[in-house]
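The file entry-v6.cif comes next; it holds mmCIF, C-alpha atoms.
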data_input
loop_
_atom_site.label_atom_id
_atom_site.label_comp_id
_atom_site.auth_asym_id
_atom_site.auth_seq_id
_atom_site.Cartn_x
_atom_site.Cartn_y
_atom_site.Cartn_z
CA MET A 1 -16.14 36.89 -66.33
CA ALA A 2 -15.01 33.40 -67.36
CA THR A 3 -16.91 31.46 -69.96
CA ARG A 4 -19.61 28.95 -69.04
CA LEU A 5 -17.15 26.04 -69.45
CA ASP A 6 -14.53 27.43 -67.07
CA SER A 7 -14.15 26.40 -63.43
CA GLU A 8 -14.68 29.99 -62.20
CA TYR A 9 -18.13 30.17 -63.78
CA GLN A 10 -18.98 26.63 -62.62
CA ASP A 11 -18.03 27.53 -59.06
CA LEU A 12 -20.30 30.58 -59.27
CA LYS A 13 -23.13 28.34 -60.50
CA ARG A 14 -22.59 25.99 -57.58
CA ARG A 15 -22.71 28.83 -55.05
CA VAL A 16 -25.78 30.38 -56.66
CA HIS A 17 -27.58 27.04 -56.74
CA GLN A 18 -26.89 26.47 -53.04
CA PHE A 19 -28.16 29.98 -52.29
CA LEU A 20 -31.36 29.37 -54.27
CA VAL A 21 -31.96 26.04 -52.52
CA GLU A 22 -31.61 27.73 -49.13
CA ARG A 23 -33.97 30.55 -50.13
CA LEU A 24 -36.56 28.09 -51.46
CA ASP A 25 -36.38 26.20 -48.17
CA GLU A 26 -36.66 29.37 -46.11
CA GLU A 27 -39.78 30.48 -47.97
CA GLY A 28 -41.28 27.00 -48.02
CA ILE A 29 -41.68 26.94 -51.82
CA ASP A 30 -42.57 23.58 -53.31
CA VAL A 31 -40.91 23.58 -56.74
CA GLY A 32 -43.18 20.83 -57.97
CA ARG A 33 -46.33 22.80 -57.21
CA ALA A 34 -45.27 26.41 -57.84
CA ALA A 35 -46.18 28.14 -61.10
CA ARG A 36 -43.37 28.34 -63.65
CA ALA A 37 -43.67 32.11 -64.02
CA SER A 38 -43.42 32.68 -60.26
CA LEU A 39 -40.37 30.43 -60.06
CA GLN A 40 -38.72 32.35 -62.90
CA ALA A 41 -39.31 35.59 -61.04
CA PHE A 42 -38.03 34.06 -57.80
CA VAL A 43 -34.81 32.84 -59.45
CA GLN A 44 -34.18 36.14 -61.21
CA THR A 45 -34.77 38.23 -58.08
CA ASN A 46 -32.60 36.09 -55.82
CA ILE A 47 -29.74 35.76 -58.30
CA SER A 48 -29.68 39.55 -58.65
CA ALA A 49 -29.54 39.82 -54.85
CA PHE A 50 -26.73 37.27 -54.64
CA ILE A 51 -24.65 38.97 -57.34
CA SER A 52 -25.15 42.37 -55.69
CA GLN A 53 -24.37 41.16 -52.15
CA ASN A 54 -21.22 39.34 -53.25
CA ARG A 55 -20.14 42.04 -55.73
CA VAL A 56 -19.60 39.54 -58.52
CA PRO A 57 -18.45 41.24 -61.76
CA LEU A 58 -20.95 39.92 -64.29
CA SER A 59 -21.89 41.23 -67.71
CA ALA A 60 -25.53 41.48 -68.75
CA GLN A 61 -25.04 38.54 -71.13
CA ASP A 62 -23.48 36.36 -68.40
CA MET A 63 -26.29 37.36 -66.04
CA ILE A 64 -28.89 36.14 -68.55
CA LEU A 65 -26.97 32.88 -69.00
CA LEU A 66 -26.57 32.33 -65.25
CA THR A 67 -30.27 33.01 -64.63
CA ARG A 68 -31.39 30.61 -67.35
CA GLU A 69 -29.05 27.82 -66.28
CA SER A 70 -29.92 28.27 -62.61
CA PHE A 71 -33.63 28.10 -63.45
CA ASP A 72 -32.95 24.84 -65.31
CA GLU A 73 -31.20 23.57 -62.18
CA VAL A 74 -34.17 24.43 -59.97
CA VAL A 75 -37.03 23.12 -62.09
CA GLY A 76 -35.41 20.77 -64.62
CA PHE A 77 -32.37 18.70 -65.42
CA GLY A 78 -29.72 21.40 -65.38
CA PRO A 79 -27.25 21.34 -68.30
CA LEU A 80 -29.35 18.67 -70.03
CA GLU A 81 -32.36 20.95 -70.52
CA PRO A 82 -31.29 22.67 -73.77
CA LEU A 83 -30.11 19.32 -75.18
CA LEU A 84 -33.42 17.63 -74.35
CA ALA A 85 -35.29 20.53 -75.96
CA ASP A 86 -33.23 20.39 -79.18
CA ASP A 87 -35.03 18.12 -81.66
CA SER A 88 -31.86 17.69 -83.74
CA VAL A 89 -30.14 15.87 -80.85
CA ASN A 90 -30.76 12.10 -80.88
CA ASP A 91 -28.46 10.90 -78.10
CA ILE A 92 -26.95 12.56 -75.03
CA LEU A 93 -23.88 10.88 -73.53
CA VAL A 94 -22.40 12.17 -70.27
CA ASN A 95 -19.02 10.56 -69.60
CA GLY A 96 -18.16 12.96 -66.78
CA PRO A 97 -18.82 16.57 -65.72
CA GLU A 98 -16.63 18.03 -68.47
CA SER A 99 -17.25 15.35 -71.10
CA VAL A 100 -20.73 15.63 -72.64
CA PHE A 101 -21.31 14.34 -76.16
CA ILE A 102 -24.36 14.47 -78.40
CA GLU A 103 -25.33 12.72 -81.62
CA VAL A 104 -26.75 14.91 -84.37
CA ALA A 105 -27.64 13.41 -87.77
CA GLY A 106 -25.73 10.24 -86.91
CA VAL A 107 -22.50 12.05 -85.97
CA LEU A 108 -21.11 12.25 -82.42
CA GLN A 109 -19.80 15.62 -81.32
CA LYS A 110 -18.81 17.28 -78.08
CA ALA A 111 -21.53 19.48 -76.60
CA HIS A 112 -20.92 23.08 -75.52
CA THR A 113 -22.06 22.37 -71.99
CA ARG A 114 -20.74 20.78 -68.82
CA PHE A 115 -21.61 19.90 -65.25
CA ILE A 116 -20.00 21.43 -62.19
CA ASP A 117 -18.57 18.18 -60.81
CA ASP A 118 -19.41 14.50 -60.24
CA ASP A 119 -21.88 15.37 -57.48
CA HIS A 120 -23.72 17.62 -59.94
CA VAL A 121 -24.02 14.76 -62.44
CA VAL A 122 -25.37 12.41 -59.75
CA ARG A 123 -27.81 15.06 -58.52
CA VAL A 124 -29.28 15.47 -62.01
CA ILE A 125 -29.45 11.69 -62.52
CA ARG A 126 -31.37 11.27 -59.25
CA ARG A 127 -33.71 14.10 -60.23
CA ILE A 128 -34.45 12.25 -63.48
CA LEU A 129 -35.10 9.01 -61.60
CA ALA A 130 -37.06 10.42 -58.64
CA PRO A 131 -40.52 10.56 -60.28
CA LEU A 132 -39.90 7.17 -61.91
CA GLY A 133 -39.50 5.35 -58.60
CA ARG A 134 -36.01 4.08 -59.48
CA ARG A 135 -33.09 3.89 -57.09
CA LEU A 136 -29.42 4.62 -57.77
CA ASP A 137 -26.86 4.10 -55.01
CA GLU A 138 -23.84 1.94 -54.15
CA SER A 139 -26.02 -1.13 -53.65
CA SER A 140 -27.79 -0.51 -56.96
CA PRO A 141 -25.24 1.36 -59.14
CA MET A 142 -26.87 0.75 -62.54
CA VAL A 143 -30.34 1.72 -63.71
CA ASP A 144 -32.45 1.68 -66.87
CA ALA A 145 -35.44 4.00 -66.98
CA ARG A 146 -37.71 5.92 -69.30
CA LEU A 147 -38.62 9.60 -69.16
CA PRO A 148 -42.29 10.60 -69.39
CA ASP A 149 -41.78 11.53 -73.07
CA GLY A 150 -40.47 8.03 -73.86
CA SER A 151 -36.74 8.84 -73.89
CA ARG A 152 -34.58 5.97 -72.62
CA VAL A 153 -32.14 6.58 -69.78
CA ASN A 154 -29.22 4.50 -68.55
CA ALA A 155 -27.11 5.62 -65.61
CA VAL A 156 -24.07 4.07 -63.94
CA ILE A 157 -22.23 5.36 -60.87
CA PRO A 158 -19.20 4.23 -58.84
CA PRO A 159 -18.09 1.68 -57.80
CA VAL A 160 -19.17 0.16 -61.16
CA ALA A 161 -18.23 3.29 -63.14
CA LEU A 162 -14.54 3.64 -62.36
CA ASP A 163 -14.07 7.23 -63.56
CA GLY A 164 -17.24 8.73 -62.09
CA PRO A 165 -20.96 8.79 -62.91
CA SER A 166 -22.08 8.16 -66.50
CA LEU A 167 -25.43 8.94 -68.13
CA SER A 168 -26.81 7.95 -71.54
CA ILE A 169 -30.11 9.23 -72.95
CA ARG A 170 -31.64 7.98 -76.20
CA LYS A 171 -34.23 10.63 -76.97
CA PHE A 172 -37.71 9.68 -78.04
CA ALA A 173 -38.52 10.74 -81.59
CA ARG A 174 -41.83 12.59 -81.52
CA LYS A 175 -42.14 12.21 -85.28
CA HIS A 176 -40.84 9.04 -86.87
CA LEU A 177 -39.58 9.25 -90.41
CA GLY A 178 -42.02 7.88 -92.97
CA ALA A 179 -41.18 5.85 -96.06
CA GLN A 180 -40.87 8.87 -98.34
CA ASP A 181 -38.69 10.68 -95.78
CA LEU A 182 -36.29 7.73 -95.80
CA VAL A 183 -36.22 7.66 -99.59
CA ASN A 184 -35.58 11.42 -99.73
CA SER A 185 -32.72 11.14 -97.23
CA GLY A 186 -31.06 8.31 -99.16
CA SER A 187 -31.53 5.77 -96.36
CA ILE A 188 -33.52 3.53 -98.65
CA SER A 189 -34.00 3.38 -102.41
CA ALA A 190 -37.38 3.40 -104.12
CA SER A 191 -36.79 -0.13 -105.41
CA CYS A 192 -35.88 -1.39 -101.93
CA LEU A 193 -38.98 0.24 -100.48
CA GLN A 194 -41.12 -1.54 -103.06
CA ILE A 195 -39.57 -4.88 -102.07
CA LEU A 196 -40.09 -4.26 -98.35
CA THR A 197 -43.68 -3.14 -98.84
CA SER A 198 -44.42 -6.35 -100.71
CA LEU A 199 -42.77 -8.44 -97.98
CA VAL A 200 -44.96 -6.85 -95.30
CA THR A 201 -48.24 -7.14 -97.20
CA THR A 202 -47.53 -10.78 -98.10
CA ARG A 203 -46.94 -11.57 -94.42
CA ARG A 204 -43.24 -12.44 -94.44
CA ASN A 205 -41.55 -12.77 -91.02
CA ILE A 206 -38.97 -9.99 -90.93
CA LEU A 207 -35.93 -9.38 -88.72
CA VAL A 208 -34.29 -5.95 -88.92
CA SER A 209 -30.58 -6.27 -88.11
CA GLY A 210 -27.98 -3.59 -87.48
CA GLY A 211 -25.44 -2.14 -85.10
CA THR A 212 -26.09 0.53 -82.49
CA GLY A 213 -27.55 3.70 -83.95
CA THR A 214 -28.25 2.31 -87.43
CA GLY A 215 -31.96 3.15 -87.26
CA LYS A 216 -33.49 -0.26 -86.54
CA THR A 217 -36.51 1.16 -84.73
CA THR A 218 -37.04 3.71 -87.49
CA ILE A 219 -37.15 0.99 -90.15
CA LEU A 220 -39.35 -1.27 -88.01
CA ASN A 221 -41.79 1.59 -87.50
CA MET A 222 -41.79 2.32 -91.24
CA LEU A 223 -42.44 -1.32 -92.13
CA SER A 224 -45.31 -1.49 -89.65
CA GLN A 225 -47.12 1.27 -91.52
CA PHE A 226 -47.83 -1.17 -94.36
CA ILE A 227 -49.70 -3.73 -92.25
CA PRO A 228 -53.28 -4.04 -93.56
CA ALA A 229 -55.88 -2.29 -91.42
CA ASP A 230 -57.98 -5.41 -90.88
CA GLU A 231 -55.24 -7.25 -88.95
CA ARG A 232 -54.82 -7.30 -85.17
CA VAL A 233 -51.33 -6.19 -84.12
CA VAL A 234 -49.68 -6.53 -80.70
CA THR A 235 -46.44 -4.62 -80.06
CA ILE A 236 -43.97 -5.45 -77.29
CA GLU A 237 -41.24 -2.99 -76.33
CA ASP A 238 -38.88 -2.16 -73.48
CA ALA A 239 -39.59 1.51 -74.12
CA ALA A 240 -42.59 2.42 -76.25
CA GLU A 241 -41.18 4.02 -79.41
CA LEU A 242 -43.25 2.57 -82.23
CA GLN A 243 -45.91 4.92 -83.55
CA LEU A 244 -48.36 2.86 -85.55
CA ASN A 245 -51.34 4.60 -87.06
CA HIS A 246 -53.33 1.39 -87.04
CA PRO A 247 -57.00 0.82 -86.06
CA HIS A 248 -56.44 -2.51 -84.28
CA ILE A 249 -53.36 -2.39 -82.11
CA VAL A 250 -52.47 -3.38 -78.53
CA ARG A 251 -49.27 -1.88 -77.15
CA LEU A 252 -47.42 -3.71 -74.36
CA GLU A 253 -44.33 -2.57 -72.47
CA THR A 254 -41.96 -4.45 -70.18
CA ARG A 255 -41.59 -3.41 -66.56
CA PRO A 256 -38.44 -3.55 -64.40
CA ALA A 257 -38.48 -4.88 -60.86
CA ASN A 258 -39.49 -2.45 -58.12
CA LEU A 259 -37.29 -1.40 -55.19
CA GLU A 260 -38.08 -4.69 -53.43
CA GLY A 261 -36.93 -6.65 -56.49
CA THR A 262 -40.39 -7.89 -57.45
CA GLY A 263 -42.97 -7.08 -60.11
CA GLN A 264 -40.72 -7.46 -63.14
CA VAL A 265 -42.46 -8.18 -66.44
CA THR A 266 -40.05 -9.33 -69.15
CA ALA A 267 -40.37 -9.36 -72.92
CA ARG A 268 -40.60 -13.15 -72.71
CA ASP A 269 -43.56 -12.86 -70.32
CA LEU A 270 -45.29 -10.51 -72.73
CA VAL A 271 -44.68 -12.66 -75.81
CA ILE A 272 -46.16 -15.66 -74.01
CA ASN A 273 -49.18 -13.61 -72.93
CA THR A 274 -49.56 -12.13 -76.41
CA LEU A 275 -50.14 -15.59 -77.87
CA ARG A 276 -53.35 -15.72 -75.79
CA MET A 277 -54.57 -12.41 -77.25
CA ARG A 278 -55.31 -13.66 -80.78
CA PRO A 279 -52.82 -11.44 -82.62
CA ASP A 280 -52.44 -11.63 -86.38
CA ARG A 281 -48.96 -10.18 -86.07
CA ILE A 282 -46.52 -9.67 -83.23
CA ILE A 283 -44.03 -6.82 -83.36
CA LEU A 284 -41.23 -7.18 -80.81
CA GLY A 285 -39.17 -4.01 -80.49
CA GLU A 286 -35.88 -5.85 -79.98
CA VAL A 287 -34.73 -9.43 -79.44
CA ARG A 288 -32.38 -9.54 -76.47
CA SER A 289 -32.95 -12.72 -74.49
CA GLY A 290 -35.19 -15.75 -74.04
CA GLU A 291 -38.17 -14.16 -75.78
CA ILE A 292 -36.58 -15.23 -79.07
CA LEU A 293 -37.80 -18.83 -78.61
CA GLU A 294 -41.43 -17.82 -78.15
CA LEU A 295 -41.20 -15.37 -81.04
CA LEU A 296 -39.79 -17.97 -83.44
CA GLN A 297 -42.44 -20.48 -82.41
CA ALA A 298 -45.14 -17.84 -82.92
CA MET A 299 -43.77 -17.06 -86.38
CA ASN A 300 -43.93 -20.76 -87.14
CA THR A 301 -47.48 -21.37 -85.89
CA GLY A 302 -49.91 -18.95 -87.47
CA HIS A 303 -48.51 -15.49 -86.75
CA GLU A 304 -46.89 -14.84 -90.12
CA GLY A 305 -45.87 -11.29 -90.82
CA SER A 306 -44.36 -10.76 -87.38
CA MET A 307 -41.30 -8.54 -86.99
CA SER A 308 -38.47 -7.67 -84.63
CA THR A 309 -34.97 -6.16 -84.51
CA ILE A 310 -31.60 -7.50 -83.37
CA HIS A 311 -28.13 -6.05 -82.77
CA SER A 312 -25.87 -7.53 -85.41
CA ASN A 313 -23.44 -6.35 -88.08
CA SER A 314 -24.50 -8.72 -90.85
CA ALA A 315 -27.35 -11.05 -91.79
CA ARG A 316 -25.16 -14.10 -91.13
CA ASP A 317 -24.12 -12.70 -87.74
CA ALA A 318 -27.80 -12.16 -86.89
CA LEU A 319 -28.45 -15.89 -87.33
CA VAL A 320 -25.46 -16.76 -85.14
CA ARG A 321 -26.67 -14.33 -82.48
CA ILE A 322 -30.12 -15.96 -82.46
CA GLU A 323 -28.47 -19.37 -82.06
CA THR A 324 -26.51 -18.03 -79.10
CA LEU A 325 -29.60 -16.51 -77.46
CA LEU A 326 -31.45 -19.79 -77.79
CA ALA A 327 -28.55 -21.74 -76.32
CA VAL A 328 -27.94 -19.49 -73.32
CA ASN A 329 -31.66 -19.36 -72.54
CA GLY A 330 -32.09 -23.09 -72.18
CA TYR A 331 -33.27 -24.27 -75.60
CA ASP A 332 -31.89 -27.79 -75.39
CA ALA A 333 -31.51 -28.99 -78.98
CA GLY A 334 -28.75 -29.85 -81.38
CA GLU A 335 -27.23 -27.34 -83.78
CA ARG A 336 -29.15 -28.74 -86.72
CA ALA A 337 -32.50 -28.60 -84.90
CA ILE A 338 -31.81 -25.00 -83.85
CA ALA A 339 -30.90 -24.06 -87.41
CA ARG A 340 -34.07 -25.70 -88.75
CA LEU A 341 -36.22 -23.78 -86.24
CA ILE A 342 -34.64 -20.46 -87.22
CA GLY A 343 -34.63 -21.18 -90.96
CA SER A 344 -38.28 -22.24 -90.99
CA SER A 345 -39.43 -19.30 -88.85
CA LEU A 346 -37.63 -16.32 -90.34
CA ASP A 347 -38.30 -15.30 -93.93
CA VAL A 348 -36.27 -12.12 -94.37
CA ILE A 349 -33.41 -10.23 -92.75
CA VAL A 350 -33.14 -6.49 -93.45
CA GLN A 351 -29.56 -5.38 -92.75
CA LEU A 352 -28.76 -1.78 -91.81
CA VAL A 353 -25.43 0.06 -91.69
CA ARG A 354 -24.28 3.51 -90.66
CA LEU A 355 -21.79 5.14 -93.02
CA PRO A 356 -18.78 7.14 -91.75
CA GLY A 357 -20.57 10.43 -92.41
CA GLY A 358 -23.48 9.38 -90.20
CA ARG A 359 -25.99 8.41 -92.91
CA ARG A 360 -28.02 5.30 -92.10
CA LEU A 361 -28.65 2.89 -94.93
CA VAL A 362 -30.51 -0.32 -95.75
CA SER A 363 -27.56 -2.25 -97.15
CA GLU A 364 -29.25 -5.53 -98.05
CA VAL A 365 -32.47 -7.48 -97.89
CA VAL A 366 -31.88 -11.23 -97.59
CA ALA A 367 -34.49 -13.96 -97.96
CA LEU A 368 -33.90 -17.24 -96.14
CA LYS A 369 -34.68 -20.16 -98.45
CA ALA A 370 -34.19 -23.16 -96.19
CA THR A 371 -33.34 -26.51 -97.75
CA ALA A 372 -32.76 -29.93 -96.21
CA ASP A 373 -29.01 -29.45 -96.59
CA ASP A 374 -28.79 -25.74 -95.76
CA PRO A 375 -31.40 -24.19 -93.43
CA TYR A 376 -29.65 -20.81 -93.83
CA ARG A 377 -29.48 -20.66 -97.61
CA MET A 378 -29.68 -16.97 -98.52
CA GLU A 379 -31.09 -15.23 -101.54
CA TYR A 380 -30.36 -11.52 -101.93
CA LEU A 381 -33.50 -9.59 -102.81
CA TYR A 382 -31.66 -6.27 -102.60
CA GLN A 383 -28.05 -5.24 -102.07
CA VAL A 384 -26.15 -1.98 -102.08
CA HIS A 385 -22.70 -2.23 -103.66
CA ARG A 386 -20.36 0.11 -101.80
#
Spit out the file's structure as structure tokens when you get a sec.
Amino acid sequence: MATRLDSEYQDLKRRVHQFLVERLDEEGIDVGRAARASLQAFVQTNISAFISQNRVPLSAQDMILLTRESFDEVVGFGPLEPLLADDSVNDILVNGPESVFIEVAGVLQKAHTRFIDDDHVVRVIRRILAPLGRRLDESSPMVDARLPDGSRVNAVIPPVALDGPSLSIRKFARKHLGAQDLVNSGSISASCLQILTSLVTTRRNILVSGGTGTGKTTILNMLSQFIPADERVVTIEDAAELQLNHPHIVRLETRPANLEGTGQVTARDLVINTLRMRPDRIILGEVRSGEILELLQAMNTGHEGSMSTIHSNSARDALVRIETLLAVNGYDAGERAIARLIGSSLDVIVQLVRLPGGRRLVSEVVALKATADDPYRMEYLYQVHR
């Protein structure tokens, strides 16, 4: 028998799946309501019958593999199931049926799995989205969603995706790394940790900056652990990932528009509402759009010690990106006024990098020391020389 990655085995999987779907329909079995054990028995019995009736030459090992993967197709997300169950996998990237990549310990690698064809990829995507009430079709070919466990999902299909359906999953970390874990892994030095702890406890406004996959949320979560217990904290996220063991916390999450295009709640909406909730600190998971104006104003008017993250490759680039976000979201002011607002609101930028081997690293901690002549004057509190 061919291996699991070969077209012969994939064709067998397709035929077996169709057979199982027909048998489920004939017997009126509701997969969502049936017990897992009874479904396992059903799949095993009917696959054995199919293999026997069609005289398919299959080894015992291939039979076990086919049964397991077919069960995953019936009750779960098919080829994604073992990847979702593997805690060492951080990201799952499906570029096409035969092109599945995963990120493990910061390094991308090709996964030993595949889909049957484009239709199979789309079928799994729609199964992911079905309980979430999200639609994916030609009129709505892109979707962002979140799995029940908090994992973030982005899917794109033709005509937007030229080479076929694409799926990206950023898995939710059930256990965030603590400060000592980060020190032990070399992501942060003991001296840097001491500086950051002091910045949090003395209520500095902190922006964590870094490229994709540099661990911004991990660092933000770690910093949040040092917020004093007597302060009221409100968190705002697109997908709830922060895990704060704090006695006085309110967690808010954005909401996309429904199928009718209404009901959207943006990060900007939530920041505005948060200001009416008497927070001591606001933690915004990521700055992406117009919410930056409200966040900066909050930092400047009594909510010291607030924090957020931004996609940027350097501290200086982070400031330029904030300027751009303000400009494109209607903040009508001159360059100098914009710079003064940013320089007087932000206290510290924590810059992250990811090294070629995959290790994530706090590369520098920069304090903004605004002056009349230079609102972006920088003072390096910590820097890694590489």
Mind telling me what the PyMOL selection byres ((chain A and resi 194) around 12) catches here, as number ranges by chain? A: 179-180, 183, 188-193, 195-201, 223, 226, 365, 381-382
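Across the chains present, the PyMOL selection byres ((chain A and resi 306) around 8) applied to this file returns A:Arg203, A:Arg204, A:Asn205, A:Ile206, A:Arg281, A:Ile282, A:Ile283, A:Met299, A:His303, A:Glu304, A:Gly305, A:Met307, A:Ser308.
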Contacts of Ala367 of chain A within 12 Å, only C-alpha atoms, excl. fewer than 6 positions in-chain, as a list in words: Ile195, Leu196, Leu199, Arg204, Asn205, Ile206, Leu207, Ala315, Arg316, Gly343, Ser344, Ser345, Leu346, Asp347, Val348, Ile349, Val350, Gln351, Pro375, Tyr376, Arg377, Met378, Glu379, Tyr380, Leu381, Tyr382 and Gln383 of chain A
With C-alpha atoms retained, write the just-selected residues as a compact mmCIF listing (two decimals), keeping the file's coordinate frame.
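Saved to part.txt:
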# COMPACT_ATOMS: atom_id res chain seq x y z
CA ILE A 195 -39.57 -4.88 -102.07
CA LEU A 196 -40.09 -4.26 -98.35
CA LEU A 199 -42.77 -8.44 -97.98
CA ARG A 204 -43.24 -12.44 -94.44
CA ASN A 205 -41.55 -12.77 -91.02
CA ILE A 206 -38.97 -9.99 -90.93
CA LEU A 207 -35.93 -9.38 -88.72
CA ALA A 315 -27.35 -11.05 -91.79
CA ARG A 316 -25.16 -14.10 -91.13
CA GLY A 343 -34.63 -21.18 -90.96
CA SER A 344 -38.28 -22.24 -90.99
CA SER A 345 -39.43 -19.30 -88.85
CA LEU A 346 -37.63 -16.32 -90.34
CA ASP A 347 -38.30 -15.30 -93.93
CA VAL A 348 -36.27 -12.12 -94.37
CA ILE A 349 -33.41 -10.23 -92.75
CA VAL A 350 -33.14 -6.49 -93.45
CA GLN A 351 -29.56 -5.38 -92.75
CA PRO A 375 -31.40 -24.19 -93.43
CA TYR A 376 -29.65 -20.81 -93.83
CA ARG A 377 -29.48 -20.66 -97.61
CA MET A 378 -29.68 -16.97 -98.52
CA GLU A 379 -31.09 -15.23 -101.54
CA TYR A 380 -30.36 -11.52 -101.93
CA LEU A 381 -33.50 -9.59 -102.81
CA TYR A 382 -31.66 -6.27 -102.60
CA GLN A 383 -28.05 -5.24 -102.07
Given the PyMOL selection byres ((chain A and resi 42-47) around 9) and the file above, list the residues it selects as a list in words.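 With the PyMOL selection byres ((chain A and resi 42-47) around 9) on this model, the match is Val16, Phe19, Leu20, Arg23, Leu24, Ala37, Ser38, Leu39, Gln40, Ala41, Ser48, Ala49, Phe50, Ile51, Ser52, Met63, Leu66, Thr67, Arg68, Ser70, Phe71 and Val74 of chain A.
In this comparison, which uses only C-alpha atoms, the residue of A:Gly358, A:Gly28, A:Pro256, A:Gly210 approaching Asp317 of chain A most closely is A:Gly210.
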